[in-house]
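Engineer: Got a structure for you, work31.txt, holding compact mmCIF, C-alpha atoms and all ligand atoms.
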# COMPACT_ATOMS: atom_id res chain seq x y z
CA MET A 14 34.96 -75.69 -59.53
CA ASN A 15 35.85 -78.36 -56.99
CA THR A 16 36.73 -77.55 -53.35
CA LYS A 17 40.47 -77.15 -54.02
CA GLU A 18 39.89 -74.88 -57.04
CA LEU A 19 37.39 -72.78 -55.10
CA GLN A 20 39.82 -72.43 -52.19
CA ASN A 21 42.60 -71.34 -54.58
CA GLU A 22 40.29 -68.77 -56.20
CA ILE A 23 39.33 -67.47 -52.74
CA LYS A 24 43.02 -67.13 -51.82
CA ARG A 25 43.66 -65.22 -55.05
CA LEU A 26 40.75 -62.85 -54.39
CA LYS A 27 41.87 -62.28 -50.80
CA SER A 28 45.39 -61.35 -51.86
CA SER A 29 44.18 -58.90 -54.51
CA LEU A 30 41.54 -57.11 -52.38
CA ASP A 31 41.80 -54.98 -49.19
CA VAL A 32 39.73 -57.53 -47.37
CA THR A 33 39.90 -59.53 -44.14
CA VAL A 34 37.98 -62.79 -43.80
CA VAL A 35 36.99 -63.98 -40.33
CA ALA A 36 35.19 -67.21 -39.38
CA HIS A 37 33.48 -68.35 -36.23
CA PHE A 38 34.67 -71.63 -34.67
CA TYR A 39 31.38 -73.31 -35.65
CA GLN A 40 31.90 -72.86 -39.41
CA LYS A 41 32.43 -75.87 -41.68
CA ASP A 42 36.10 -76.87 -42.02
CA GLU A 43 36.52 -75.84 -45.67
CA VAL A 44 35.20 -72.34 -44.89
CA PHE A 45 37.06 -72.12 -41.57
CA GLU A 46 40.36 -72.84 -43.36
CA MET A 47 39.92 -69.73 -45.54
CA ALA A 48 39.79 -67.29 -42.61
CA ASP A 49 42.54 -64.80 -41.73
CA PHE A 50 41.23 -64.91 -38.16
CA SER A 51 38.96 -67.32 -36.32
CA GLY A 52 37.48 -67.18 -32.86
CA ASP A 53 34.33 -66.96 -30.77
CA SER A 54 31.96 -63.97 -30.95
CA LEU A 55 33.92 -61.80 -28.50
CA GLN A 56 37.32 -62.51 -30.05
CA LEU A 57 35.99 -61.88 -33.55
CA ALA A 58 34.15 -58.67 -32.61
CA LYS A 59 37.39 -57.33 -31.11
CA ILE A 60 39.60 -58.40 -34.02
CA ALA A 61 37.17 -57.24 -36.69
CA SER A 62 36.51 -53.80 -35.21
CA LYS A 63 40.27 -53.08 -34.96
CA ASP A 64 41.15 -54.43 -38.40
CA LYS A 65 42.45 -51.80 -40.82
CA ASN A 66 41.10 -53.21 -44.09
CA PRO A 67 38.02 -51.36 -45.42
CA TYR A 68 36.22 -54.62 -46.26
CA LEU A 69 35.42 -57.34 -43.78
CA VAL A 70 33.85 -60.66 -44.76
CA PHE A 71 32.34 -62.39 -41.75
CA CYS A 72 31.55 -66.12 -41.97
CA GLY A 73 29.11 -66.61 -39.13
CA VAL A 74 25.51 -65.74 -38.29
CA ALA A 75 23.78 -62.39 -38.84
CA PHE A 76 24.12 -60.86 -35.36
CA MET A 77 27.92 -61.22 -35.59
CA GLY A 78 28.25 -59.15 -38.78
CA GLU A 79 25.83 -56.59 -37.35
CA SER A 80 27.92 -56.27 -34.18
CA VAL A 81 31.04 -55.41 -36.19
CA LYS A 82 29.08 -52.84 -38.22
CA VAL A 83 27.83 -51.27 -34.98
CA LEU A 84 31.32 -51.16 -33.45
CA ASP A 85 32.88 -49.72 -36.62
CA PRO A 86 30.15 -48.13 -38.79
CA LYS A 87 32.63 -46.96 -41.45
CA LYS A 88 33.75 -50.49 -42.24
CA ARG A 89 31.97 -52.26 -45.10
CA VAL A 90 30.88 -55.59 -43.64
CA PHE A 91 29.76 -58.51 -45.81
CA MET A 92 28.34 -61.88 -44.86
CA PRO A 93 28.46 -64.75 -47.38
CA LYS A 94 25.23 -65.89 -45.68
CA ALA A 95 23.47 -63.70 -43.13
CA ALA A 96 21.90 -66.78 -41.53
CA CYS A 97 19.88 -66.13 -38.40
CA CYS A 98 20.89 -67.88 -35.18
CA SER A 99 17.76 -69.59 -33.83
CA MET A 100 18.30 -68.08 -30.39
CA ALA A 101 18.65 -64.53 -31.75
CA LYS A 102 15.45 -65.12 -33.72
CA MET A 103 13.56 -65.84 -30.47
CA ILE A 104 13.56 -62.17 -29.46
CA ASP A 105 12.80 -58.90 -31.22
CA VAL A 106 12.09 -55.42 -29.86
CA ASP A 107 8.34 -56.15 -29.51
CA PHE A 108 8.98 -59.28 -27.43
CA PHE A 109 11.59 -57.40 -25.40
CA ASN A 110 9.06 -54.62 -24.64
CA LYS A 111 6.29 -57.14 -23.86
CA ASN A 112 8.55 -58.77 -21.27
CA VAL A 113 9.43 -55.38 -19.77
CA LYS A 114 5.67 -54.81 -19.45
CA ILE A 115 5.23 -58.17 -17.69
CA LEU A 116 7.89 -57.09 -15.20
CA GLU A 117 6.15 -53.76 -14.67
CA GLU A 118 2.87 -55.57 -13.98
CA LEU A 119 4.72 -57.49 -11.28
CA GLY A 120 5.86 -54.21 -9.74
CA ILE A 121 9.40 -54.38 -11.19
CA THR A 122 9.88 -51.07 -13.00
CA LYS A 123 12.59 -50.00 -15.43
CA ASP A 124 14.36 -48.31 -12.50
CA ASP A 125 14.56 -51.64 -10.68
CA PHE A 126 16.55 -53.60 -13.26
CA ILE A 127 19.52 -53.42 -15.61
CA PRO A 128 18.94 -55.21 -18.92
CA ILE A 129 21.75 -57.39 -20.30
CA THR A 130 21.57 -59.01 -23.69
CA TYR A 131 23.70 -61.93 -24.75
CA ILE A 132 25.55 -60.97 -27.95
CA ASN A 133 23.32 -63.52 -29.76
CA SER A 134 20.60 -60.95 -30.46
CA SER A 135 19.83 -58.49 -33.24
CA ALA A 136 21.30 -54.98 -33.30
CA ALA A 137 17.76 -53.69 -32.66
CA VAL A 138 17.50 -55.64 -29.38
CA LYS A 139 20.98 -54.46 -28.37
CA ALA A 140 19.81 -50.90 -29.05
CA ALA A 141 16.70 -51.38 -26.87
CA VAL A 142 19.00 -52.62 -24.09
CA GLY A 143 21.44 -49.73 -24.61
CA GLU A 144 18.61 -47.18 -24.36
CA LEU A 145 17.63 -48.63 -20.98
CA GLY A 146 21.19 -48.32 -19.65
CA GLY A 147 22.14 -51.97 -20.18
CA TYR A 148 25.02 -54.06 -21.47
CA VAL A 149 25.82 -56.69 -24.06
CA CYS A 150 27.70 -59.80 -22.86
CA THR A 151 29.16 -62.94 -24.39
CA SER A 152 29.46 -66.38 -22.83
CA SER A 153 33.14 -65.57 -22.07
CA ASN A 154 32.40 -62.45 -20.04
CA ALA A 155 28.77 -62.91 -18.86
CA LYS A 156 29.80 -63.35 -15.21
CA LYS A 157 32.03 -60.27 -15.28
CA ILE A 158 29.31 -58.11 -16.89
CA ILE A 159 26.60 -59.34 -14.50
CA LYS A 160 28.92 -58.67 -11.54
CA LYS A 161 29.52 -55.13 -12.79
CA ALA A 162 25.81 -54.50 -13.39
CA LEU A 163 24.98 -55.76 -9.89
CA ASP A 164 27.13 -52.95 -8.45
CA GLU A 165 24.07 -50.76 -9.05
CA ASP A 166 22.15 -52.94 -6.59
CA LYS A 167 19.36 -53.68 -9.04
CA LYS A 168 17.93 -56.84 -10.55
CA ILE A 169 19.20 -58.11 -13.91
CA PHE A 170 16.83 -58.67 -16.81
CA PHE A 171 18.79 -61.15 -18.96
CA VAL A 172 17.85 -61.81 -22.62
CA PRO A 173 17.49 -63.96 -24.68
CA ASP A 174 19.24 -67.11 -23.35
CA HIS A 175 17.71 -68.28 -20.08
CA CYS A 176 20.29 -71.10 -19.85
CA LEU A 177 23.28 -68.76 -19.85
CA GLY A 178 21.51 -66.42 -17.39
CA GLN A 179 20.60 -69.28 -15.06
CA ASN A 180 24.00 -70.96 -15.29
CA VAL A 181 25.79 -67.74 -14.33
CA ALA A 182 23.26 -67.14 -11.53
CA ARG A 183 23.95 -70.62 -10.10
CA ASP A 184 27.69 -70.06 -10.37
CA MET A 185 27.34 -66.79 -8.45
CA GLY A 186 24.92 -68.23 -5.88
CA LEU A 187 22.10 -65.94 -7.03
CA LYS A 188 18.42 -66.76 -7.42
CA SER A 189 17.12 -66.81 -11.00
CA ALA A 190 13.71 -67.22 -12.61
CA VAL A 191 12.37 -67.37 -16.16
CA ILE A 192 9.47 -65.24 -17.41
CA GLY A 193 6.70 -67.46 -18.75
CA LYS A 194 8.04 -70.53 -16.93
CA ASP A 195 8.29 -69.65 -13.27
CA GLU A 196 5.65 -68.38 -10.84
CA PRO A 197 5.21 -64.58 -10.40
CA ASN A 198 6.54 -64.78 -6.83
CA ASP A 199 9.70 -66.56 -8.01
CA ILE A 200 10.23 -63.81 -10.59
CA LYS A 201 9.75 -61.10 -7.94
CA ASP A 202 12.28 -62.83 -5.65
CA ALA A 203 14.89 -63.48 -8.34
CA LYS A 204 18.03 -61.40 -8.72
CA ILE A 205 18.47 -62.53 -12.34
CA ILE A 206 15.24 -62.59 -14.32
CA CYS A 207 15.61 -64.37 -17.65
CA TYR A 208 13.77 -64.14 -20.95
CA ASN A 209 12.60 -67.57 -22.12
CA GLY A 210 14.97 -68.06 -25.09
CA PHE A 211 17.49 -70.82 -25.74
CA CYS A 212 19.89 -72.35 -28.28
CA SER A 213 18.27 -75.16 -30.23
CA VAL A 214 21.66 -76.87 -30.71
CA HIS A 215 22.85 -76.86 -27.09
CA GLN A 216 19.38 -78.02 -25.97
CA LEU A 217 20.21 -81.39 -27.51
CA PHE A 218 22.42 -82.31 -24.56
CA GLU A 219 20.68 -84.12 -21.74
CA PRO A 220 21.72 -85.36 -18.28
CA LYS A 221 21.25 -88.92 -19.57
CA ASP A 222 24.05 -88.29 -22.12
CA ILE A 223 26.42 -87.46 -19.26
CA GLU A 224 25.30 -90.56 -17.32
CA PHE A 225 25.90 -92.67 -20.44
CA TYR A 226 29.47 -91.43 -20.98
CA ARG A 227 30.42 -91.61 -17.31
CA LYS A 228 29.20 -95.20 -17.15
CA LYS A 229 30.89 -96.22 -20.40
CA TYR A 230 34.21 -94.41 -19.76
CA PRO A 231 34.95 -94.24 -16.02
CA GLY A 232 37.17 -91.24 -15.28
CA ILE A 233 35.97 -89.26 -18.33
CA LEU A 234 35.59 -85.50 -17.84
CA VAL A 235 32.54 -83.57 -18.96
CA ALA A 236 32.95 -80.08 -20.42
CA THR A 237 29.91 -78.11 -21.57
CA HIS A 238 28.96 -74.72 -22.95
CA PRO A 239 26.78 -72.48 -20.72
CA GLU A 240 24.07 -72.45 -23.42
CA CYS A 241 23.37 -76.05 -22.29
CA LYS A 242 20.51 -76.65 -19.86
CA PRO A 243 21.23 -75.72 -16.23
CA GLU A 244 20.82 -79.37 -15.15
CA VAL A 245 23.47 -80.41 -17.72
CA CYS A 246 25.94 -77.70 -16.64
CA GLU A 247 25.38 -78.57 -13.00
CA MET A 248 26.57 -82.15 -13.71
CA SER A 249 29.63 -81.00 -15.71
CA ASP A 250 33.27 -80.90 -14.57
CA PHE A 251 33.85 -77.71 -16.54
CA VAL A 252 31.52 -75.09 -18.04
CA GLY A 253 32.95 -72.49 -20.39
CA SER A 254 32.57 -70.44 -23.55
CA THR A 255 33.90 -71.74 -26.85
CA SER A 256 37.39 -70.30 -26.37
CA GLN A 257 37.44 -71.39 -22.70
CA LEU A 258 36.46 -74.92 -23.72
CA ILE A 259 39.26 -75.05 -26.29
CA LYS A 260 41.83 -73.93 -23.71
CA TYR A 261 40.50 -76.39 -21.11
CA ILE A 262 40.72 -79.32 -23.55
CA LYS A 263 44.16 -78.35 -24.88
CA ASP A 264 45.56 -78.13 -21.34
CA LEU A 265 44.42 -81.66 -20.40
CA PRO A 266 46.95 -84.55 -20.46
CA LEU A 267 46.72 -86.46 -23.78
CA GLU A 268 45.47 -89.63 -22.13
CA GLN A 269 42.56 -87.83 -20.42
CA LYS A 270 39.22 -88.55 -22.10
CA VAL A 271 36.78 -85.66 -22.21
CA VAL A 272 33.28 -85.45 -23.58
CA VAL A 273 32.32 -82.02 -24.87
CA GLY A 274 28.83 -80.57 -25.03
CA THR A 275 28.90 -77.97 -27.76
CA GLU A 276 28.71 -77.56 -31.53
CA PHE A 277 30.08 -80.46 -33.60
CA ASN A 278 32.31 -78.68 -36.17
CA MET A 279 34.40 -77.15 -33.43
CA VAL A 280 34.67 -80.28 -31.30
CA ASN A 281 35.57 -82.34 -34.35
CA ARG A 282 38.68 -80.17 -34.89
CA LEU A 283 39.82 -81.00 -31.35
CA ARG A 284 39.54 -84.75 -31.86
CA GLU A 285 43.25 -85.46 -31.95
CA LYS A 286 42.91 -85.66 -28.16
CA ASN A 287 40.53 -88.57 -27.56
CA THR A 288 37.61 -86.20 -27.49
CA TYR A 289 34.12 -87.68 -27.52
CA ILE A 290 31.06 -85.81 -28.62
CA LEU A 291 28.36 -85.60 -25.97
CA SER A 292 24.98 -86.49 -27.48
CA SER A 293 23.55 -89.28 -29.52
CA THR A 294 23.15 -86.91 -32.48
CA LYS A 295 25.76 -84.79 -34.28
CA PRO A 296 25.02 -81.38 -32.75
CA GLU A 297 25.79 -79.17 -35.76
CA CYS A 298 24.45 -75.63 -35.83
CA PRO A 299 22.25 -75.57 -38.95
CA THR A 300 22.50 -71.81 -39.40
CA MET A 301 26.30 -71.72 -39.03
CA ASN A 302 26.46 -74.53 -41.58
CA GLU A 303 24.52 -72.48 -44.14
CA THR A 304 27.70 -70.65 -45.21
CA THR A 305 29.43 -72.52 -48.03
CA LEU A 306 32.69 -72.02 -49.93
CA ILE A 307 30.74 -70.93 -52.99
CA ASP A 308 28.96 -68.25 -50.89
CA LEU A 309 32.34 -66.97 -49.71
CA TYR A 310 33.71 -67.00 -53.25
CA ASN A 311 30.64 -65.14 -54.63
CA THR A 312 30.90 -62.48 -51.93
CA LEU A 313 34.60 -61.85 -52.61
CA LYS A 314 33.97 -61.86 -56.36
CA SER A 315 31.22 -59.24 -55.92
CA ILE A 316 33.70 -57.01 -54.07
CA GLU A 317 36.19 -57.47 -56.90
CA ASN A 318 33.49 -56.58 -59.46
CA LYS A 319 32.33 -53.63 -57.30
CA GLU A 320 28.82 -55.10 -57.08
CA TYR A 321 29.03 -55.41 -53.27
CA LYS A 322 26.53 -58.19 -52.66
CA ASN A 323 25.54 -59.41 -49.17
CA GLU A 324 26.56 -56.18 -47.41
CA ILE A 325 25.31 -55.62 -43.85
CA PHE A 326 23.51 -52.33 -43.13
CA VAL A 327 22.26 -51.06 -39.77
CA ASP A 328 20.37 -47.76 -39.42
CA ASP A 329 22.00 -44.84 -37.57
CA ASN A 330 19.71 -44.79 -34.54
CA THR A 331 20.12 -48.54 -33.99
CA ILE A 332 23.89 -48.16 -34.33
CA LYS A 333 23.91 -45.33 -31.80
CA TRP A 334 22.17 -47.25 -29.01
CA ALA A 335 23.49 -50.73 -29.79
CA LYS A 336 27.01 -49.25 -29.70
CA VAL A 337 26.33 -47.85 -26.23
CA ALA A 338 25.53 -51.37 -24.96
CA LEU A 339 28.44 -52.99 -26.85
CA ASP A 340 30.94 -50.33 -25.77
CA ARG A 341 29.91 -50.85 -22.13
CA MET A 342 30.85 -54.51 -22.55
CA MET A 343 34.11 -53.73 -24.34
CA GLU A 344 35.19 -51.37 -21.55
CA ILE A 345 34.78 -54.15 -19.00
CA SER A 346 36.19 -57.05 -20.99
FE1 LIG B 1 22.79 -69.67 -32.39
FE2 LIG B 1 22.96 -71.97 -31.05
FE3 LIG B 1 23.88 -71.83 -33.55
FE4 LIG B 1 25.17 -70.60 -31.56
S1 LIG B 1 24.91 -72.81 -31.81
S2 LIG B 1 24.69 -69.72 -33.57
S3 LIG B 1 23.43 -69.94 -30.27
S4 LIG B 1 21.73 -71.59 -32.89
Reformat the file's structure so that it appears as structure tokens.
Ligand code: SF4
Structural biologist:
Amino acid sequence: MNTKELQNEIKRLKSSLDVTVVAHFYQKDEVFEMADFSGDSLQLAKIASKDKNPYLVFCGVAFMGESVKVLDPKKRVFMPKAACCSMAKMIDVDFFNKNVKILEELGITKDDFIPITYINSSAAVKAAVGELGGYVCTSSNAKKIIKKALDEDKKIFFVPDHCLGQNVARDMGLKSAVIGKDEPNDIKDAKIICYNGFCSVHQLFEPKDIEFYRKKYPGILVATHPECKPEVCEMSDFVGSTSQLIKYIKDLPLEQKVVVGTEFNMVNRLREKNTYILSSTKPECPTMNETTLIDLYNTLKSIENKEYKNEIFVDDNTIKWAKVALDRMMEIS
């Protein structure tokens, strides 16, 4: 089947099944067009957990489907490709515990910090955070969640993205440090202590890219995602989550040039407004791009045939504690 035929078959399957298809903004266009709802991780987690259909097909990366399963364990969640976000892959429960031990060796005990995990982590890591009284956050609400956690007058142990943790810390005028990168005394002094993880896609943006665009297009604005390096965000005119970036760009006058530092598929859809891509390479997320139309078709077809392929399962204990951390975030945001 060619693309058009596949898309028509997918539409037919969707209309005959009690299914909702959602797609993250970073999905390829032909997959993105098939979604009933699209959004960033927070928007999709909210939409998907409230949706009434018994079957949900999530086009995104594995932690996103897991999050919906945790928020609504009765729902049957399927992922055409449960691809693993490279950042989420940088931490598991063992690494989380090893870092907690490093903090303890520095005299920072579990009573001295609140753990916060970026939503880009496995359900198991979210559960470990939930068991220690912590929160999940997204790039849209990270500042709000950190602010709330700081009410307890403790340090924050932020995993896995050190860039997001450090960018929020700078924005709030707080001292941050990264385990494994900074000196022990810096870690002891920091209010936000970060795990040393990062997004391999957003790492592609460099200060020299910003210098290049500013020199070439005087008056251009620079908008970046907080998964970019702290030195890149510090040079930007605007820093925001995926949905915040979209709003920022859509609200600009048409003649205003803006260079955007985030994933290519999403930025490419905004191009009607003189938008330039920041970076000399095309910053596509390889794991988001793993989901193809044929994967989506096969998943829907397996639901129709009652074979139920590519279903997401999370064990009960993980659901219990990961839900605690996710619910704490949902209450605040
Ligand atoms: Fe993960 Fe980065 Fe891809 Fe987002 S862009 S899914 S953080 S690898």
Engineer: Which residues are near Lys17 in chain A? Cut-off 12 Å, all atoms listed in the file, ignore same chain within fewer than 2 positions. Put them as JSON, numbers by chain.
Structural biologist: {"A": [14, 15, 19, 20, 21, 22, 23, 24, 43, 44, 46, 47, 306, 307]}
Engineer: Residues of chain A that have any atom at most 8 Å from an atom of ligand LIG 1 (chain B): could you tabulate them with the shortest-distance atom pair and the distance in Å to one decimal, using only C-alpha atoms and all ligand atoms, ordered by chain and increasing number, as CSV?
Structural biologist:
residue,atom,partner,partner_atom,distance
A:Tyr39,CA,B:LIG1,S1,7.5
A:Gly73,CA,B:LIG1,S2,7.8
A:Val74,CA,B:LIG1,S2,6.2
A:Cys97,CA,B:LIG1,FE1,7.6
A:Cys98,CA,B:LIG1,FE1,3.8
A:Ser99,CA,B:LIG1,S4,4.5
A:Met100,CA,B:LIG1,FE1,5.2
A:Ala101,CA,B:LIG1,FE1,6.6
A:Asn133,CA,B:LIG1,S3,6.4
A:Phe211,CA,B:LIG1,S3,7.5
A:Cys212,CA,B:LIG1,FE2,4.2
A:Ser213,CA,B:LIG1,S4,5.6
A:Val214,CA,B:LIG1,FE2,5.1
A:His215,CA,B:LIG1,FE2,6.3
A:Glu240,CA,B:LIG1,S3,7.3
A:Thr275,CA,B:LIG1,S1,7.7
A:Glu276,CA,B:LIG1,S1,6.1
A:Glu297,CA,B:LIG1,S1,7.5
A:Cys298,CA,B:LIG1,FE3,4.5
A:Pro299,CA,B:LIG1,FE3,6.8
A:Thr300,CA,B:LIG1,FE3,6.0
A:Met301,CA,B:LIG1,FE3,6.0
Engineer: Any chance you can output those residues with C-alpha atoms as a PDB file, keeping the file's coordinate frame?
Structural biologist:
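Okay, this is what ended up in out-v1.pdb:
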ATOM      1  CA  TYR A  39      31.380 -73.310 -35.650  1.00  0.00           C
ATOM      2  CA  GLY A  73      29.110 -66.610 -39.130  1.00  0.00           C
ATOM      3  CA  VAL A  74      25.510 -65.740 -38.290  1.00  0.00           C
ATOM      4  CA  CYS A  97      19.880 -66.130 -38.400  1.00  0.00           C
ATOM      5  CA  CYS A  98      20.890 -67.880 -35.180  1.00  0.00           C
ATOM      6  CA  SER A  99      17.760 -69.590 -33.830  1.00  0.00           C
ATOM      7  CA  MET A 100      18.300 -68.080 -30.390  1.00  0.00           C
ATOM      8  CA  ALA A 101      18.650 -64.530 -31.750  1.00  0.00           C
ATOM      9  CA  ASN A 133      23.320 -63.520 -29.760  1.00  0.00           C
ATOM     10  CA  PHE A 211      17.490 -70.820 -25.740  1.00  0.00           C
ATOM     11  CA  CYS A 212      19.890 -72.350 -28.280  1.00  0.00           C
ATOM     12  CA  SER A 213      18.270 -75.160 -30.230  1.00  0.00           C
ATOM     13  CA  VAL A 214      21.660 -76.870 -30.710  1.00  0.00           C
ATOM     14  CA  HIS A 215      22.850 -76.860 -27.090  1.00  0.00           C
ATOM     15  CA  GLU A 240      24.070 -72.450 -23.420  1.00  0.00           C
ATOM     16  CA  THR A 275      28.900 -77.970 -27.760  1.00  0.00           C
ATOM     17  CA  GLU A 276      28.710 -77.560 -31.530  1.00  0.00           C
ATOM     18  CA  GLU A 297      25.790 -79.170 -35.760  1.00  0.00           C
ATOM     19  CA  CYS A 298      24.450 -75.630 -35.830  1.00  0.00           C
ATOM     20  CA  PRO A 299      22.250 -75.570 -38.950  1.00  0.00           C
ATOM     21  CA  THR A 300      22.500 -71.810 -39.400  1.00  0.00           C
ATOM     22  CA  MET A 301      26.300 -71.720 -39.030  1.00  0.00           C
TER      23      MET A 301
END
Engineer: When you count only C-alpha atoms, which of these residues is closest to Asn330 in chain A: A:Pro67, A:Gly143, A:Gly52, A:Pro93?
Structural biologist: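 So, comparing all the options, the nearest one is A:Gly143.
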Engineer: Closest to Ile158 in chain A among A:His37, A:Asn198, A:Ile129, A:Pro173, using all atoms listed in the file?
Structural biologist: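 Among the listed residues, A:Ile129 lies closest to Ile158 in chain A.
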Engineer: Which is closest to Pro266 in chain A among A:Ile206, A:Ala136, A:Asp64, A:Leu234, if we use all atoms listed in the file?
Structural biologist: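 Smallest distance to Pro266 in chain A is found for A:Leu234.
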Engineer: For Tyr208 in chain A, which of A:Gln40, A:Asn110, A:Asn281, A:Ser256 is the closest residue, counting only C-alpha atoms?
Structural biologist: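 Closest candidate: A:Asn110.
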Engineer: Counting only C-alpha atoms, what is within 10 Å of Asp85 in chain A, bar same-chain residues fewer than 2 positions away, as a list in words?
Structural biologist: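 In the requested form, the answer reads Ala58, Ala61, Ser62, Lys63, Asp64, Glu79, Ser80, Val81, Lys82, Val83, Lys87, Lys88, Arg89, Val90, Ile332 and Lys336 of chain A.
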Engineer: Measuring between all atoms listed in the file, which one of A:Ala335, A:Val172, A:Val191, A:Val34 shows the shortest distance to Thr151 in chain A?
Structural biologist: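 Closest residue, counting all atoms listed in the file: A:Val172.
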Engineer: Box time for range 271-284 of chain A: axis-aligned, enclosing all its listed atoms, 4 Å extra on each side; report centre and edge lengths in Å to one decimal, as lines of an AutoDock Vina configuration file.
Structural biologist:
center_x = 34.3
center_y = -81.4
center_z = -29.2
size_x = 19.1
size_y = 16.5
size_z = 22.0
Engineer: Using only C-alpha atoms, what residues lie at most 12 Å away from (29.4, -49.8, -22.5) (file coordinates), given as a count of residues only?
Structural biologist: 30
Engineer: By how many Å are CA of Asp202 in chain A and CA of Leu177 in chain A apart?
Structural biologist: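 Taking CA of Asp202 in chain A and CA of Leu177 in chain A, their separation equals 18.9 Å.
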Engineer: Could you check the closest approach to Asn209 in chain A for each of A:His238, A:Lys188, A:Lys194, A:Lys123 and tell me which residue wins, using only C-alpha atoms?
Structural biologist: A:Lys194
Engineer: In Å, how far is it from CA of Met103 in chain A to CA of Ile192 in chain A?
Structural biologist: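 That distance, rounded to one decimal, is 13.7 Å.
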Engineer: Do you have the CA of Leu258 in chain A-CA of Leu163 in chain A distance handy?
Structural biologist: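 Atom-to-atom, CA of Leu258 in chain A and CA of Leu163 in chain A are spaced 26.3 Å apart.
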Engineer: Find the spatial neighbours of Phe38 in chain A, counting only C-alpha atoms, within a cut-off of 7 Å - ignore same-chain residues fewer than 4 positions away - and output them as a list in words.
Structural biologist: Ser51, Gly52, Asp53 and Met279 of chain A
Engineer: I want to know what sits within 9 Å of Ser152 in chain A, based on only C-alpha atoms, with residues of the same chain fewer than 5 positions away left out; could you give that as a ChimeraX atom specification?
Structural biologist: /A:54-55,131-132,177,238-240,253-255
Engineer: Within 9 Å of Cys207 in chain A, counting all atoms listed in the file, which residues show up once you throw out same-chain ones fewer than 3 positions away? Write them as number ranges by chain, please.
Structural biologist: A: 169-176, 178-179, 189-192, 200, 210
Engineer: Can you fill out range 165-176 of chain A with N, CA, C and O atoms and hand it back as a PDB file, in the frame of the given file?
Structural biologist:
ATOM      1  N   GLU A 165      25.121 -51.784  -9.177  1.00  0.00           N
ATOM      2  CA  GLU A 165      24.070 -50.760  -9.050  1.00  0.00           C
ATOM      3  C   GLU A 165      22.952 -51.209  -8.122  1.00  0.00           C
ATOM      4  O   GLU A 165      21.941 -50.506  -7.977  1.00  0.00           O
ATOM      5  N   ASP A 166      23.128 -52.396  -7.535  1.00  0.00           N
ATOM      6  CA  ASP A 166      22.150 -52.940  -6.590  1.00  0.00           C
ATOM      7  C   ASP A 166      20.732 -53.008  -7.172  1.00  0.00           C
ATOM      8  O   ASP A 166      19.758 -52.586  -6.537  1.00  0.00           O
ATOM      9  N   LYS A 167      20.660 -53.485  -8.408  1.00  0.00           N
ATOM     10  CA  LYS A 167      19.360 -53.680  -9.040  1.00  0.00           C
ATOM     11  C   LYS A 167      19.262 -55.132  -9.480  1.00  0.00           C
ATOM     12  O   LYS A 167      20.252 -55.870  -9.439  1.00  0.00           O
ATOM     13  N   LYS A 168      18.063 -55.510  -9.965  1.00  0.00           N
ATOM     14  CA  LYS A 168      17.930 -56.840 -10.550  1.00  0.00           C
ATOM     15  C   LYS A 168      18.523 -56.817 -11.961  1.00  0.00           C
ATOM     16  O   LYS A 168      18.717 -55.735 -12.538  1.00  0.00           O
ATOM     17  N   ILE A 169      18.746 -57.999 -12.520  1.00  0.00           N
ATOM     18  CA  ILE A 169      19.200 -58.110 -13.910  1.00  0.00           C
ATOM     19  C   ILE A 169      18.053 -58.702 -14.722  1.00  0.00           C
ATOM     20  O   ILE A 169      17.462 -59.705 -14.317  1.00  0.00           O
ATOM     21  N   PHE A 170      17.762 -58.071 -15.850  1.00  0.00           N
ATOM     22  CA  PHE A 170      16.830 -58.670 -16.810  1.00  0.00           C
ATOM     23  C   PHE A 170      17.685 -59.193 -17.949  1.00  0.00           C
ATOM     24  O   PHE A 170      18.278 -58.412 -18.697  1.00  0.00           O
ATOM     25  N   PHE A 171      17.825 -60.528 -18.052  1.00  0.00           N
ATOM     26  CA  PHE A 171      18.790 -61.150 -18.960  1.00  0.00           C
ATOM     27  C   PHE A 171      18.072 -61.740 -20.171  1.00  0.00           C
ATOM     28  O   PHE A 171      17.198 -62.593 -20.035  1.00  0.00           O
ATOM     29  N   VAL A 172      18.475 -61.306 -21.384  1.00  0.00           N
ATOM     30  CA  VAL A 172      17.850 -61.810 -22.620  1.00  0.00           C
ATOM     31  C   VAL A 172      18.942 -62.279 -23.592  1.00  0.00           C
ATOM     32  O   VAL A 172      20.075 -61.802 -23.485  1.00  0.00           O
ATOM     33  N   PRO A 173      18.676 -63.115 -24.583  1.00  0.00           N
ATOM     34  CA  PRO A 173      17.490 -63.960 -24.680  1.00  0.00           C
ATOM     35  C   PRO A 173      17.702 -65.354 -24.070  1.00  0.00           C
ATOM     36  O   PRO A 173      16.749 -66.101 -23.938  1.00  0.00           O
ATOM     37  N   ASP A 174      18.963 -65.713 -23.704  1.00  0.00           N
ATOM     38  CA  ASP A 174      19.240 -67.110 -23.350  1.00  0.00           C
ATOM     39  C   ASP A 174      19.044 -67.375 -21.846  1.00  0.00           C
ATOM     40  O   ASP A 174      19.912 -67.033 -21.046  1.00  0.00           O
ATOM     41  N   HIS A 175      17.936 -68.024 -21.513  1.00  0.00           N
ATOM     42  CA  HIS A 175      17.710 -68.280 -20.080  1.00  0.00           C
ATOM     43  C   HIS A 175      18.749 -69.246 -19.512  1.00  0.00           C
ATOM     44  O   HIS A 175      19.075 -69.185 -18.320  1.00  0.00           O
ATOM     45  N   CYS A 176      19.298 -70.136 -20.371  1.00  0.00           N
ATOM     46  CA  CYS A 176      20.290 -71.100 -19.850  1.00  0.00           C
ATOM     47  C   CYS A 176      21.542 -70.376 -19.391  1.00  0.00           C
ATOM     48  O   CYS A 176      22.034 -70.606 -18.273  1.00  0.00           O
TER      49      CYS A 176
END
